[in-house]
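Structure file start_39.cif with mmCIF, C-alpha atoms and all ligand atoms:
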```cif
data_target
loop_
_atom_site.label_atom_id
_atom_site.label_comp_id
_atom_site.auth_asym_id
_atom_site.auth_seq_id
_atom_site.Cartn_x
_atom_site.Cartn_y
_atom_site.Cartn_z
CA MET A 8 228.65 84.98 130.17
CA SER A 9 225.96 82.29 130.62
CA ARG A 10 226.52 79.33 132.90
CA TYR A 11 224.68 76.22 131.72
CA ILE A 12 224.41 72.91 133.53
CA VAL A 13 223.21 69.68 131.96
CA THR A 14 222.14 66.80 134.21
CA GLY A 15 222.50 63.53 132.34
CA GLY A 16 225.01 65.30 130.09
CA ALA A 17 226.94 62.08 129.43
CA GLY A 18 223.80 60.45 128.02
CA PHE A 19 222.40 60.49 124.52
CA ILE A 20 220.36 63.71 124.41
CA GLY A 21 222.49 65.40 127.08
CA SER A 22 225.76 64.96 125.22
CA ASN A 23 224.19 66.37 122.06
CA LEU A 24 222.86 69.32 124.05
CA VAL A 25 226.30 69.96 125.56
CA ARG A 26 227.72 70.34 122.04
CA ARG A 27 225.01 72.81 121.08
CA LEU A 28 225.56 74.88 124.23
CA LEU A 29 229.31 74.97 123.61
CA ASN A 30 228.59 76.66 120.28
CA GLU A 31 226.91 79.55 122.06
CA PRO A 32 229.12 82.60 122.48
CA ASP A 33 230.18 83.23 126.08
CA ALA A 34 228.74 79.99 127.46
CA THR A 35 230.30 77.82 130.12
CA VAL A 36 228.96 74.29 130.30
CA GLU A 37 228.99 71.86 133.21
CA VAL A 38 227.73 68.30 133.26
CA ILE A 39 226.29 66.34 136.18
CA ASP A 40 226.05 62.60 135.54
CA ASN A 41 226.36 59.53 137.76
CA LEU A 42 227.43 57.48 134.70
CA GLU A 43 224.80 54.84 135.40
CA THR A 44 223.37 55.02 131.90
CA GLY A 45 225.67 57.68 130.40
CA TYR A 46 229.23 57.30 129.13
CA LEU A 47 232.24 59.61 129.36
CA GLU A 48 233.03 58.59 125.76
CA ASN A 49 229.97 60.60 124.72
CA LEU A 50 231.84 63.73 125.81
CA GLU A 51 235.27 62.67 124.57
CA GLU A 52 236.26 65.43 122.18
CA VAL A 53 234.59 68.19 124.24
CA SER A 54 235.87 67.07 127.66
CA SER A 55 238.50 69.83 127.90
CA ARG A 56 235.81 72.49 127.33
CA ILE A 57 233.40 71.44 130.06
CA ARG A 58 233.43 70.77 133.80
CA PHE A 59 232.28 67.27 134.61
CA HIS A 60 230.75 66.32 137.98
CA GLN A 61 230.15 62.64 138.69
CA ASN A 62 227.24 63.02 141.07
CA ASP A 63 223.80 61.57 141.57
CA ILE A 64 220.94 64.05 141.23
CA ARG A 65 219.45 62.77 144.50
CA ASP A 66 222.47 64.15 146.38
CA TYR A 67 220.93 67.49 147.35
CA ASP A 68 224.07 68.99 148.95
CA ALA A 69 226.30 68.22 145.97
CA ILE A 70 223.73 69.39 143.44
CA ARG A 71 222.99 72.55 145.43
CA SER A 72 226.65 73.56 145.45
CA ILE A 73 227.23 72.74 141.75
CA THR A 74 224.11 74.42 140.38
CA GLY A 75 223.97 77.52 142.61
CA GLY A 76 223.53 80.71 140.56
CA ALA A 77 223.44 78.96 137.16
CA ASP A 78 221.61 80.67 134.30
CA ALA A 79 219.95 77.45 133.22
CA VAL A 80 219.90 73.84 134.35
CA PHE A 81 218.78 71.38 131.68
CA HIS A 82 217.47 68.41 133.64
CA LEU A 83 217.87 65.33 131.46
CA ALA A 84 219.19 62.82 134.00
CA ALA A 85 216.74 59.91 134.19
CA ILE A 86 216.27 56.20 133.70
CA PRO A 87 214.50 56.64 130.38
CA SER A 88 212.61 53.51 129.44
CA VAL A 89 208.99 52.35 129.51
CA PRO A 90 209.77 48.60 129.66
CA LYS A 91 212.57 49.04 132.20
CA SER A 92 210.19 50.92 134.51
CA ILE A 93 207.82 47.94 134.37
CA ALA A 94 210.51 45.28 134.81
CA ASN A 95 212.30 47.18 137.60
CA PRO A 96 210.20 50.10 138.87
CA VAL A 97 212.17 51.02 142.01
CA PRO A 98 215.36 52.44 140.42
CA SER A 99 213.38 54.34 137.81
CA HIS A 100 211.09 55.79 140.49
CA GLN A 101 214.12 56.86 142.52
CA ALA A 102 215.94 58.47 139.62
CA ASN A 103 212.95 60.01 137.89
CA ILE A 104 210.85 61.17 140.85
CA ASP A 105 213.18 61.49 143.86
CA GLY A 106 215.97 62.76 141.61
CA THR A 107 213.80 65.39 139.96
CA PHE A 108 212.45 66.58 143.30
CA GLN A 109 215.94 66.99 144.79
CA LEU A 110 217.20 68.70 141.65
CA LEU A 111 214.34 71.21 141.72
CA ARG A 112 214.78 71.82 145.45
CA ALA A 113 218.52 72.45 144.99
CA ALA A 114 217.87 74.73 142.00
CA ALA A 115 215.26 76.77 143.89
CA ASP A 116 217.47 77.13 146.97
CA GLY A 117 220.49 78.02 144.82
CA LYS A 118 218.64 80.69 142.83
CA VAL A 119 219.07 79.00 139.47
CA LYS A 120 217.45 81.26 136.87
CA ARG A 121 215.56 78.52 135.02
CA VAL A 122 215.23 74.73 134.88
CA ILE A 123 214.33 73.07 131.57
CA TYR A 124 212.94 69.63 132.29
CA ALA A 125 212.96 66.66 129.91
CA ALA A 126 209.37 65.44 130.15
CA SER A 127 207.96 62.68 127.97
CA SER A 128 205.30 62.19 125.35
CA SER A 129 204.47 58.95 127.14
CA ALA A 130 202.43 61.09 129.60
CA TYR A 131 199.59 61.23 127.04
CA GLY A 132 199.08 57.46 126.86
CA ASP A 133 196.50 56.41 124.28
CA THR A 134 194.38 59.39 123.28
CA GLU A 135 191.39 59.25 120.98
CA VAL A 136 192.60 62.28 119.08
CA LEU A 137 195.84 62.89 117.17
CA PRO A 138 197.99 64.94 117.18
CA LYS A 139 198.33 65.21 120.95
CA SER A 140 198.14 68.68 122.37
CA GLU A 141 199.15 69.94 125.80
CA SER A 142 195.52 70.70 126.73
CA MET A 143 194.59 67.00 126.64
CA ALA A 144 194.24 65.12 129.93
CA PRO A 145 197.28 62.91 130.49
CA ARG A 146 196.71 59.16 130.75
CA PRO A 147 200.03 57.52 131.66
CA LYS A 148 200.18 53.78 130.92
CA SER A 149 203.48 52.86 132.57
CA PRO A 150 205.49 53.75 135.68
CA TYR A 151 207.90 55.69 133.45
CA ALA A 152 205.08 57.78 132.00
CA ALA A 153 203.65 58.46 135.47
CA GLN A 154 207.08 59.41 136.82
CA LYS A 155 207.79 61.83 134.01
CA LEU A 156 204.34 63.38 134.40
CA LEU A 157 204.85 63.88 138.12
CA GLY A 158 208.13 65.64 137.29
CA GLU A 159 206.15 68.09 135.15
CA TYR A 160 203.74 68.75 138.01
CA TYR A 161 206.66 69.35 140.34
CA CYS A 162 208.17 71.80 137.84
CA SER A 163 204.96 73.77 137.71
CA VAL A 164 204.57 73.69 141.51
CA PHE A 165 208.15 74.84 142.07
CA ALA A 166 207.39 77.74 139.73
CA SER A 167 204.21 78.75 141.56
CA CYS A 168 205.23 78.00 145.18
CA PHE A 169 208.98 78.56 145.26
CA GLY A 170 209.59 81.14 142.53
CA LEU A 171 211.80 78.83 140.43
CA GLU A 172 211.36 79.38 136.68
CA THR A 173 210.74 76.05 134.96
CA VAL A 174 209.77 74.86 131.49
CA ALA A 175 208.89 71.22 130.77
CA LEU A 176 209.38 69.81 127.27
CA ARG A 177 207.62 66.58 126.38
CA PHE A 178 210.17 64.85 124.19
CA PHE A 179 208.68 62.68 121.45
CA ASN A 180 210.81 59.60 120.61
CA VAL A 181 214.12 61.33 120.13
CA TYR A 182 216.77 59.62 117.98
CA GLY A 183 220.17 60.45 116.57
CA PRO A 184 223.91 60.06 117.11
CA ARG A 185 225.08 58.64 120.47
CA GLN A 186 221.83 56.87 121.35
CA ASP A 187 223.01 53.72 123.10
CA PRO A 188 221.87 50.54 121.31
CA GLY A 189 223.47 48.28 123.92
CA SER A 190 220.40 47.05 125.78
CA PRO A 191 217.06 45.46 124.92
CA TYR A 192 215.54 48.62 126.47
CA SER A 193 217.28 50.90 123.98
CA GLY A 194 215.30 53.27 121.76
CA VAL A 195 213.98 51.41 118.74
CA LEU A 196 215.84 53.45 116.12
CA SER A 197 219.21 52.78 117.75
CA LEU A 198 218.35 49.07 117.59
CA PHE A 199 217.39 49.45 113.92
CA MET A 200 220.79 51.04 113.20
CA LYS A 201 222.60 48.21 114.93
CA ALA A 202 220.49 45.62 113.11
CA ILE A 203 221.45 47.11 109.75
CA LEU A 204 225.15 47.23 110.59
CA GLU A 205 225.19 43.69 111.96
CA ARG A 206 222.91 42.33 109.23
CA ARG A 207 220.57 40.88 111.85
CA PRO A 208 216.83 41.51 111.46
CA PRO A 209 215.21 43.62 114.19
CA THR A 210 212.19 42.37 116.13
CA LEU A 211 209.09 44.52 115.92
CA PHE A 212 206.77 44.17 118.91
CA GLY A 213 203.21 43.66 117.68
CA ASP A 214 202.30 44.24 114.06
CA GLY A 215 204.77 47.10 113.50
CA GLU A 216 201.86 49.42 112.71
CA GLN A 217 202.25 51.42 115.93
CA SER A 218 203.36 54.94 115.08
CA ARG A 219 205.70 57.47 116.62
CA ASP A 220 206.65 61.10 116.11
CA PHE A 221 210.35 60.33 115.69
CA THR A 222 212.25 63.53 116.42
CA PHE A 223 215.87 64.15 115.46
CA VAL A 224 218.00 65.06 118.45
CA ASP A 225 219.23 68.38 116.99
CA ASP A 226 215.63 69.60 116.86
CA VAL A 227 215.08 68.95 120.57
CA THR A 228 218.40 70.47 121.62
CA ALA A 229 217.56 73.60 119.59
CA LEU A 230 214.15 73.76 121.27
CA SER A 231 215.69 73.25 124.71
CA LEU A 232 217.86 76.33 124.24
CA LYS A 233 214.86 78.34 123.04
CA ALA A 234 212.96 77.22 126.15
CA ALA A 235 215.80 78.52 128.31
CA ARG A 236 215.42 81.99 126.79
CA ALA A 237 211.74 82.51 125.97
CA ALA A 238 209.74 85.02 128.00
CA GLY A 239 206.43 84.35 129.74
CA VAL A 240 206.65 80.55 129.71
CA SER A 241 207.58 79.65 133.27
CA GLY A 242 205.63 76.78 134.80
CA LYS A 243 204.40 75.57 131.42
CA THR A 244 204.72 72.30 129.50
CA TYR A 245 205.28 72.08 125.73
CA ASN A 246 205.48 69.28 123.19
CA ALA A 247 208.94 68.74 121.74
CA GLY A 248 208.11 66.71 118.65
CA ASN A 249 208.31 66.94 114.91
CA GLY A 250 204.56 66.96 114.26
CA ASN A 251 204.57 63.82 112.10
CA ARG A 252 204.05 60.17 112.79
CA TYR A 253 205.48 57.10 111.12
CA THR A 254 204.82 53.42 111.69
CA LEU A 255 207.73 51.17 112.62
CA ASN A 256 207.16 49.21 109.40
CA LEU A 257 207.54 52.40 107.38
CA VAL A 258 210.64 53.53 109.25
CA TRP A 259 212.26 50.13 108.75
CA SER A 260 211.55 50.19 105.02
CA THR A 261 212.84 53.78 104.75
CA LEU A 262 216.04 52.79 106.50
CA GLN A 263 216.50 49.82 104.19
CA ARG A 264 216.14 52.15 101.20
CA ILE A 265 218.62 54.69 102.61
CA THR A 266 221.24 52.07 103.47
CA GLY A 267 220.67 49.61 100.64
CA VAL A 268 220.45 46.71 103.15
CA LYS A 269 217.42 44.47 102.66
CA MET A 270 216.10 42.32 105.53
CA ASP A 271 212.59 41.31 106.59
CA PRO A 272 211.98 42.14 110.26
CA LEU A 273 210.87 39.55 112.82
CA TYR A 274 207.61 40.11 114.68
CA GLY A 275 207.11 39.40 118.40
CA PRO A 276 204.30 39.85 120.94
CA PRO A 277 203.17 43.43 121.72
CA ARG A 278 205.04 45.14 124.55
CA PRO A 279 203.18 45.89 127.82
CA GLY A 280 202.71 49.60 128.53
CA ASP A 281 203.18 50.47 124.86
CA VAL A 282 201.32 53.44 123.44
CA ARG A 283 199.76 52.74 120.04
CA ASP A 284 200.14 56.07 118.26
CA SER A 285 202.07 59.21 119.08
CA GLN A 286 202.19 62.53 117.28
CA ALA A 287 202.87 65.99 118.64
CA ASP A 288 200.78 69.06 118.08
CA THR A 289 203.60 71.60 117.78
CA THR A 290 201.38 74.71 117.69
CA ALA A 291 202.06 75.93 121.23
CA ALA A 292 205.82 75.31 121.04
CA ALA A 293 205.99 77.14 117.71
CA ARG A 294 203.96 80.06 119.05
CA ASP A 295 205.60 80.52 122.46
CA LEU A 296 209.10 79.13 121.96
CA GLY A 297 209.70 79.66 118.23
CA HIS A 298 209.96 75.90 117.66
CA ALA A 299 210.70 75.08 114.02
CA PRO A 300 211.90 71.49 113.52
CA GLN A 301 214.48 71.29 110.72
CA PHE A 302 214.94 67.57 110.14
CA SER A 303 212.69 65.31 108.09
CA LEU A 304 212.69 61.62 108.99
CA GLU A 305 214.78 60.80 105.88
CA GLU A 306 217.42 63.37 106.70
CA GLY A 307 217.53 62.46 110.38
CA LEU A 308 217.81 58.76 109.60
CA ALA A 309 220.58 59.37 107.05
CA ARG A 310 222.59 61.47 109.52
CA THR A 311 222.04 59.00 112.30
CA PHE A 312 223.08 56.04 110.16
CA GLU A 313 226.23 57.85 109.08
CA TRP A 314 227.22 58.29 112.73
CA TYR A 315 226.52 54.65 113.65
CA ARG A 316 228.46 53.41 110.61
CA ASP A 317 231.47 55.47 111.67
CA HIS A 318 231.28 54.41 115.33
CA HIS A 319 229.97 50.87 115.16
CA ALA A 320 233.29 49.16 115.88
CA ARG A 321 233.49 51.02 119.21
CA MET A 322 230.03 50.08 120.44
CA LYS A 323 229.67 48.17 123.67
CA PRO A 324 228.42 44.58 123.70
CA PRO A 325 224.79 44.21 124.88
CA ALA A 326 224.40 45.00 128.59
CA GLU A 327 222.49 42.82 131.04
CA ALA A 328 218.77 43.53 130.82
C1 LIG B 401 208.66 56.22 125.14
C2 LIG B 401 208.07 57.61 124.92
C3 LIG B 401 209.17 58.60 124.61
C4 LIG B 401 210.25 58.48 125.66
C5 LIG B 401 210.80 57.08 125.65
C6 LIG B 401 211.91 56.87 126.66
C7 LIG B 401 205.86 57.15 124.01
C8 LIG B 401 204.95 57.35 122.88
N1 LIG B 401 207.10 57.59 123.83
O1 LIG B 401 209.11 55.76 123.95
O2 LIG B 401 208.64 59.90 124.64
O3 LIG B 401 211.25 59.39 125.40
O4 LIG B 401 209.75 56.23 126.02
O5 LIG B 401 212.52 55.66 126.40
O6 LIG B 401 205.50 56.64 125.05
N2 LIG B 401 210.01 48.40 119.67
C9 LIG B 401 210.10 47.32 118.82
N3 LIG B 401 211.24 46.57 118.87
C10 LIG B 401 212.28 46.87 119.71
C11 LIG B 401 212.17 47.99 120.55
C12 LIG B 401 211.01 48.75 120.51
O7 LIG B 401 209.18 47.01 118.07
O8 LIG B 401 213.30 46.13 119.69
C13 LIG B 401 208.78 49.21 119.60
C14 LIG B 401 208.13 49.47 120.95
O9 LIG B 401 207.29 48.40 121.32
C15 LIG B 401 207.39 50.79 120.65
C16 LIG B 401 208.29 51.50 119.63
O10 LIG B 401 209.14 50.49 119.10
O11 LIG B 401 206.14 50.51 120.07
C17 LIG B 401 209.16 52.56 120.25
O12 LIG B 401 209.78 52.02 121.40
P1 LIG B 401 210.92 52.78 122.18
O13 LIG B 401 211.96 53.26 121.25
O14 LIG B 401 211.34 51.92 123.33
O15 LIG B 401 210.22 54.08 122.70
P2 LIG B 401 208.76 54.33 123.36
O16 LIG B 401 208.49 53.36 124.42
O17 LIG B 401 207.77 54.57 122.30
#
```

Using structure tokens, write down the structure that the file contains.
Amino acid sequence: MSRYIVTGGAGFIGSNLVRRLLNEPDATVEVIDNLETGYLENLEEVSSRIRFHQNDIRDYDAIRSITGGADAVFHLAAIPSVPKSIANPVPSHQANIDGTFQLLRAAADGKVKRVIYAASSSAYGDTEVLPKSESMAPRPKSPYAAQKLLGEYYCSVFASCFGLETVALRFFNVYGPRQDPGSPYSGVLSLFMKAILERRPPTLFGDGEQSRDFTFVDDVTALSLKAARAAGVSGKTYNAGNGNRYTLNLVWSTLQRITGVKMDPLYGPPRPGDVRDSQADTTAAARDLGHAPQFSLEEGLARTFEWYRDHHARMKPPAEA
């Protein structure tokens, strides 16, 4: 029997990971989420198969007692947005840095076997060379990027100083079902899906020629589970990307082709803190973790659109920025 805990399990990636873990034989799954950016609806049809704890990851005592003795804690709870961390840096610092520190401290004290940490590709910033490999010096361009990078350092330090096994995965622009399109800070592909369904053109910041390694959520949840099991990887950081990169203009035209909806996008000023190009070197993750992404952009977009089409009527109105 393996006992898995997902922080941020009511969020986009977390709720997808919960479903993958529930498919494992002999797994019990618990979720910790303060429901600040996650939704119980994301766990609706699996709620009877999990234990849900509405707690903040900064609450050391609560987190220590929930996580004690777990086989793996997947630490996904965060305020995950570059622009939000610039507009309102204090809450994102508290959740992403203080929260990660308390989570790691509780996990070490409670003898958790391994923590898998959701790090971010934003840590690289603008590099001269693509794809971006883990040996490159990080150059964070936003508070969010700096916070996520510090979380990686803490993971590695908890491994070396406190004997807690940790693996950090730098997620590269993850998209897929259950990504919340309800705020201007939402991931761009969730906003594209909403734009198509509402027949309202999206706004591209800048010229739309910035590129991202858009990674389908099932590929990062598969890699997360591999990271929980691989040998000889404690204290390390790996890219969790697809290995490709696509411009926003190209993704928008691909989505128009897939859905048959034609609309010219609007263009606005570039966004502060934005990285220009992002693409993962997946060599180390393939070698050490057995990473093998399964979803092309076309297939991921088609699956994602199908989900949004089926759930659009239930989506929340835009939240306050
Ligand atoms: C960054 C990180 C990613 C992290 C994510 C958390 C990089 C390269 N990636 O994503 O690893 O998981 O933060 O949120 O730093 N855009 C528009 N119109 C919109 C919204 C966004 O043009 O309405 C543009 C942005 O300016 C950006 C791109 O789309 O160039 C992607 O933006 P977004 O989805 O917010 O993610 P990143 O900031 O790239």

Report summary line: Using only C-alpha atoms, the best pick from A:Asp116, A:Glu31, A:Glu52, A:Asp281 as closest to Phe165 in chain A would be A:Asp116

Using only C-alpha atoms and all ligand atoms, what table do you get, as a tab-separated table, when you list each residue of chain A with an atom no more than 8 Å from ligand LIG 401 (chain B), its nearest pair of atoms, and their distance in Å rounded to one decimal, rows by chain then rising number?
```
residue	atom	partner	partner_atom	distance
A:Pro87	CA	B:LIG401	C6	4.5
A:Ser88	CA	B:LIG401	O5	3.7
A:Val89	CA	B:LIG401	O16	5.2
A:Pro90	CA	B:LIG401	O16	7.2
A:Ala126	CA	B:LIG401	O2	7.8
A:Ser127	CA	B:LIG401	O2	4.4
A:Ser128	CA	B:LIG401	O2	4.1
A:Ser129	CA	B:LIG401	O6	3.3
A:Ala130	CA	B:LIG401	O6	7.1
A:Tyr131	CA	B:LIG401	O6	7.7
A:Gly132	CA	B:LIG401	O6	6.7
A:Tyr151	CA	B:LIG401	O4	7.7
A:Ala152	CA	B:LIG401	O6	7.1
A:Arg177	CA	B:LIG401	O2	7.0
A:Phe178	CA	B:LIG401	O2	5.2
A:Phe179	CA	B:LIG401	O2	4.2
A:Asn180	CA	B:LIG401	C3	4.4
A:Val181	CA	B:LIG401	O3	6.3
A:Pro191	CA	B:LIG401	O8	6.5
A:Tyr192	CA	B:LIG401	O14	6.2
A:Ser193	CA	B:LIG401	O14	6.1
A:Gly194	CA	B:LIG401	O13	3.4
A:Val195	CA	B:LIG401	O13	3.7
A:Leu196	CA	B:LIG401	O13	6.4
A:Leu198	CA	B:LIG401	O8	6.2
A:Phe199	CA	B:LIG401	O8	7.8
A:Pro209	CA	B:LIG401	O8	6.3
A:Thr210	CA	B:LIG401	N3	5.1
A:Leu211	CA	B:LIG401	O7	3.3
A:Phe212	CA	B:LIG401	O7	3.8
A:Gly213	CA	B:LIG401	O7	6.9
A:Gly215	CA	B:LIG401	O7	6.4
A:Gln217	CA	B:LIG401	O11	5.8
A:Ser218	CA	B:LIG401	O11	7.2
A:Arg219	CA	B:LIG401	C8	6.3
A:Asp220	CA	B:LIG401	C8	7.9
A:Leu255	CA	B:LIG401	O10	6.7
A:Tyr274	CA	B:LIG401	O7	7.8
A:Gly275	CA	B:LIG401	O7	7.9
A:Pro277	CA	B:LIG401	O9	6.5
A:Arg278	CA	B:LIG401	O9	5.1
A:Asp281	CA	B:LIG401	O11	5.6
A:Val282	CA	B:LIG401	C8	5.4
A:Arg283	CA	B:LIG401	O11	6.8
A:Asp284	CA	B:LIG401	C8	6.8
A:Ser285	CA	B:LIG401	C8	5.1
```

Emit the selected residues as an mmCIF file, keeping the file's coordinate frame, including C-alpha atoms.
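Wrote result16.cif, looks like this:
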```cif
data_model
loop_
_atom_site.group_PDB
_atom_site.id
_atom_site.type_symbol
_atom_site.label_atom_id
_atom_site.label_comp_id
_atom_site.auth_asym_id
_atom_site.auth_seq_id
_atom_site.Cartn_x
_atom_site.Cartn_y
_atom_site.Cartn_z
ATOM 1 C CA PRO A 87 214.500 56.640 130.380
ATOM 2 C CA SER A 88 212.610 53.510 129.440
ATOM 3 C CA VAL A 89 208.990 52.350 129.510
ATOM 4 C CA PRO A 90 209.770 48.600 129.660
ATOM 5 C CA ALA A 126 209.370 65.440 130.150
ATOM 6 C CA SER A 127 207.960 62.680 127.970
ATOM 7 C CA SER A 128 205.300 62.190 125.350
ATOM 8 C CA SER A 129 204.470 58.950 127.140
ATOM 9 C CA ALA A 130 202.430 61.090 129.600
ATOM 10 C CA TYR A 131 199.590 61.230 127.040
ATOM 11 C CA GLY A 132 199.080 57.460 126.860
ATOM 12 C CA TYR A 151 207.900 55.690 133.450
ATOM 13 C CA ALA A 152 205.080 57.780 132.000
ATOM 14 C CA ARG A 177 207.620 66.580 126.380
ATOM 15 C CA PHE A 178 210.170 64.850 124.190
ATOM 16 C CA PHE A 179 208.680 62.680 121.450
ATOM 17 C CA ASN A 180 210.810 59.600 120.610
ATOM 18 C CA VAL A 181 214.120 61.330 120.130
ATOM 19 C CA PRO A 191 217.060 45.460 124.920
ATOM 20 C CA TYR A 192 215.540 48.620 126.470
ATOM 21 C CA SER A 193 217.280 50.900 123.980
ATOM 22 C CA GLY A 194 215.300 53.270 121.760
ATOM 23 C CA VAL A 195 213.980 51.410 118.740
ATOM 24 C CA LEU A 196 215.840 53.450 116.120
ATOM 25 C CA LEU A 198 218.350 49.070 117.590
ATOM 26 C CA PHE A 199 217.390 49.450 113.920
ATOM 27 C CA PRO A 209 215.210 43.620 114.190
ATOM 28 C CA THR A 210 212.190 42.370 116.130
ATOM 29 C CA LEU A 211 209.090 44.520 115.920
ATOM 30 C CA PHE A 212 206.770 44.170 118.910
ATOM 31 C CA GLY A 213 203.210 43.660 117.680
ATOM 32 C CA GLY A 215 204.770 47.100 113.500
ATOM 33 C CA GLN A 217 202.250 51.420 115.930
ATOM 34 C CA SER A 218 203.360 54.940 115.080
ATOM 35 C CA ARG A 219 205.700 57.470 116.620
ATOM 36 C CA ASP A 220 206.650 61.100 116.110
ATOM 37 C CA LEU A 255 207.730 51.170 112.620
ATOM 38 C CA TYR A 274 207.610 40.110 114.680
ATOM 39 C CA GLY A 275 207.110 39.400 118.400
ATOM 40 C CA PRO A 277 203.170 43.430 121.720
ATOM 41 C CA ARG A 278 205.040 45.140 124.550
ATOM 42 C CA ASP A 281 203.180 50.470 124.860
ATOM 43 C CA VAL A 282 201.320 53.440 123.440
ATOM 44 C CA ARG A 283 199.760 52.740 120.040
ATOM 45 C CA ASP A 284 200.140 56.070 118.260
ATOM 46 C CA SER A 285 202.070 59.210 119.080
#
```

Requested in this report: For Phe19 in chain A, list every protein, DNA or RNA residue within 12 Å, evaluated using only C-alpha atoms, and leave out those in the same chain fewer than 4 positions away; present the list as a PyMOL selection string.
Outcome: chain A and resi 13-15+23-26+40+42+44-50+83-87+181-188+193-194+197+223-225+227-228

Report task. Using only C-alpha atoms, determine which residues lie at most 12 Å from Gln101 in chain A, disregarding the query and same-chain residues fewer than 2 positions distant; provide the list as a PyMOL selection string. Result -> chain A and resi 63-66+84-86+92+95-99+103-109+150-151+154-155+158

Report summary line: Separating CA of Leu137 in chain A from CA of Thr254 in chain A, to the nearest tenth of an Å, is a gap of 14.2 Å

Query raised in the report: Excluding same-chain residues fewer than 6 positions from Gly75 in chain A, what lies within 10 Å of it counting all atoms listed in the file, as a ChimeraX atom specification?
Result: /A:113-120

Report task. Just give me the gap between CA of Ile203 in chain A and CA of Thr222 in chain A in Å, one decimal is fine. Result ->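 Rounded to one decimal, the two atoms are 20.0 Å apart.
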
Requested in this report: Rank nothing, just name the residue among A:Asp317, A:Glu159, A:Asp68, A:Glu51 nearest to Leu204 in chain A, using only C-alpha atoms.
Outcome: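 When distances to Leu204 in chain A are compared using only C-alpha atoms, the smallest one comes from A:Asp317.
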
Could you pull range 148-160 of chain A out of the block above and give me N, CA and C atoms, as a PDB file, in the first residue's frame?
```pdb
ATOM      1  N   LYS A 148      13.314  36.214 -13.882  1.00  0.00           N
ATOM      2  CA  LYS A 148      12.959  37.579 -14.294  1.00  0.00           C
ATOM      3  C   LYS A 148      11.764  38.130 -13.543  1.00  0.00           C
ATOM      4  N   SER A 149      11.191  37.346 -12.649  1.00  0.00           N
ATOM      5  CA  SER A 149       9.979  37.795 -11.947  1.00  0.00           C
ATOM      6  C   SER A 149      10.014  37.243 -10.527  1.00  0.00           C
ATOM      7  N   PRO A 150       9.232  37.850  -9.614  1.00  0.00           N
ATOM      8  CA  PRO A 150       9.165  37.278  -8.260  1.00  0.00           C
ATOM      9  C   PRO A 150       8.758  35.805  -8.298  1.00  0.00           C
ATOM     10  N   TYR A 151       7.785  35.462  -9.134  1.00  0.00           N
ATOM     11  CA  TYR A 151       7.349  34.058  -9.204  1.00  0.00           C
ATOM     12  C   TYR A 151       8.517  33.136  -9.558  1.00  0.00           C
ATOM     13  N   ALA A 152       9.292  33.529 -10.556  1.00  0.00           N
ATOM     14  CA  ALA A 152      10.422  32.699 -10.988  1.00  0.00           C
ATOM     15  C   ALA A 152      11.445  32.562  -9.856  1.00  0.00           C
ATOM     16  N   ALA A 153      11.709  33.672  -9.155  1.00  0.00           N
ATOM     17  CA  ALA A 153      12.670  33.631  -8.044  1.00  0.00           C
ATOM     18  C   ALA A 153      12.144  32.749  -6.913  1.00  0.00           C
ATOM     19  N   GLN A 154      10.850  32.858  -6.646  1.00  0.00           N
ATOM     20  CA  GLN A 154      10.266  32.049  -5.558  1.00  0.00           C
ATOM     21  C   GLN A 154      10.365  30.562  -5.871  1.00  0.00           C
ATOM     22  N   LYS A 155      10.016  30.216  -7.105  1.00  0.00           N
ATOM     23  CA  LYS A 155      10.040  28.793  -7.469  1.00  0.00           C
ATOM     24  C   LYS A 155      11.471  28.248  -7.462  1.00  0.00           C
ATOM     25  N   LEU A 156      12.415  29.101  -7.841  1.00  0.00           N
ATOM     26  CA  LEU A 156      13.818  28.688  -7.826  1.00  0.00           C
ATOM     27  C   LEU A 156      14.302  28.480  -6.383  1.00  0.00           C
ATOM     28  N   LEU A 157      13.909  29.377  -5.502  1.00  0.00           N
ATOM     29  CA  LEU A 157      14.319  29.200  -4.105  1.00  0.00           C
ATOM     30  C   LEU A 157      13.749  27.892  -3.550  1.00  0.00           C
ATOM     31  N   GLY A 158      12.531  27.556  -3.949  1.00  0.00           N
ATOM     32  CA  GLY A 158      11.936  26.283  -3.526  1.00  0.00           C
ATOM     33  C   GLY A 158      12.786  25.092  -3.950  1.00  0.00           C
ATOM     34  N   GLU A 159      13.345  25.177  -5.159  1.00  0.00           N
ATOM     35  CA  GLU A 159      14.261  24.105  -5.620  1.00  0.00           C
ATOM     36  C   GLU A 159      15.477  24.010  -4.713  1.00  0.00           C
ATOM     37  N   TYR A 160      16.052  25.194  -4.400  1.00  0.00           N
ATOM     38  CA  TYR A 160      17.252  25.192  -3.547  1.00  0.00           C
ATOM     39  C   TYR A 160      16.918  24.593  -2.187  1.00  0.00           C
TER      40      TYR A 160
END
```
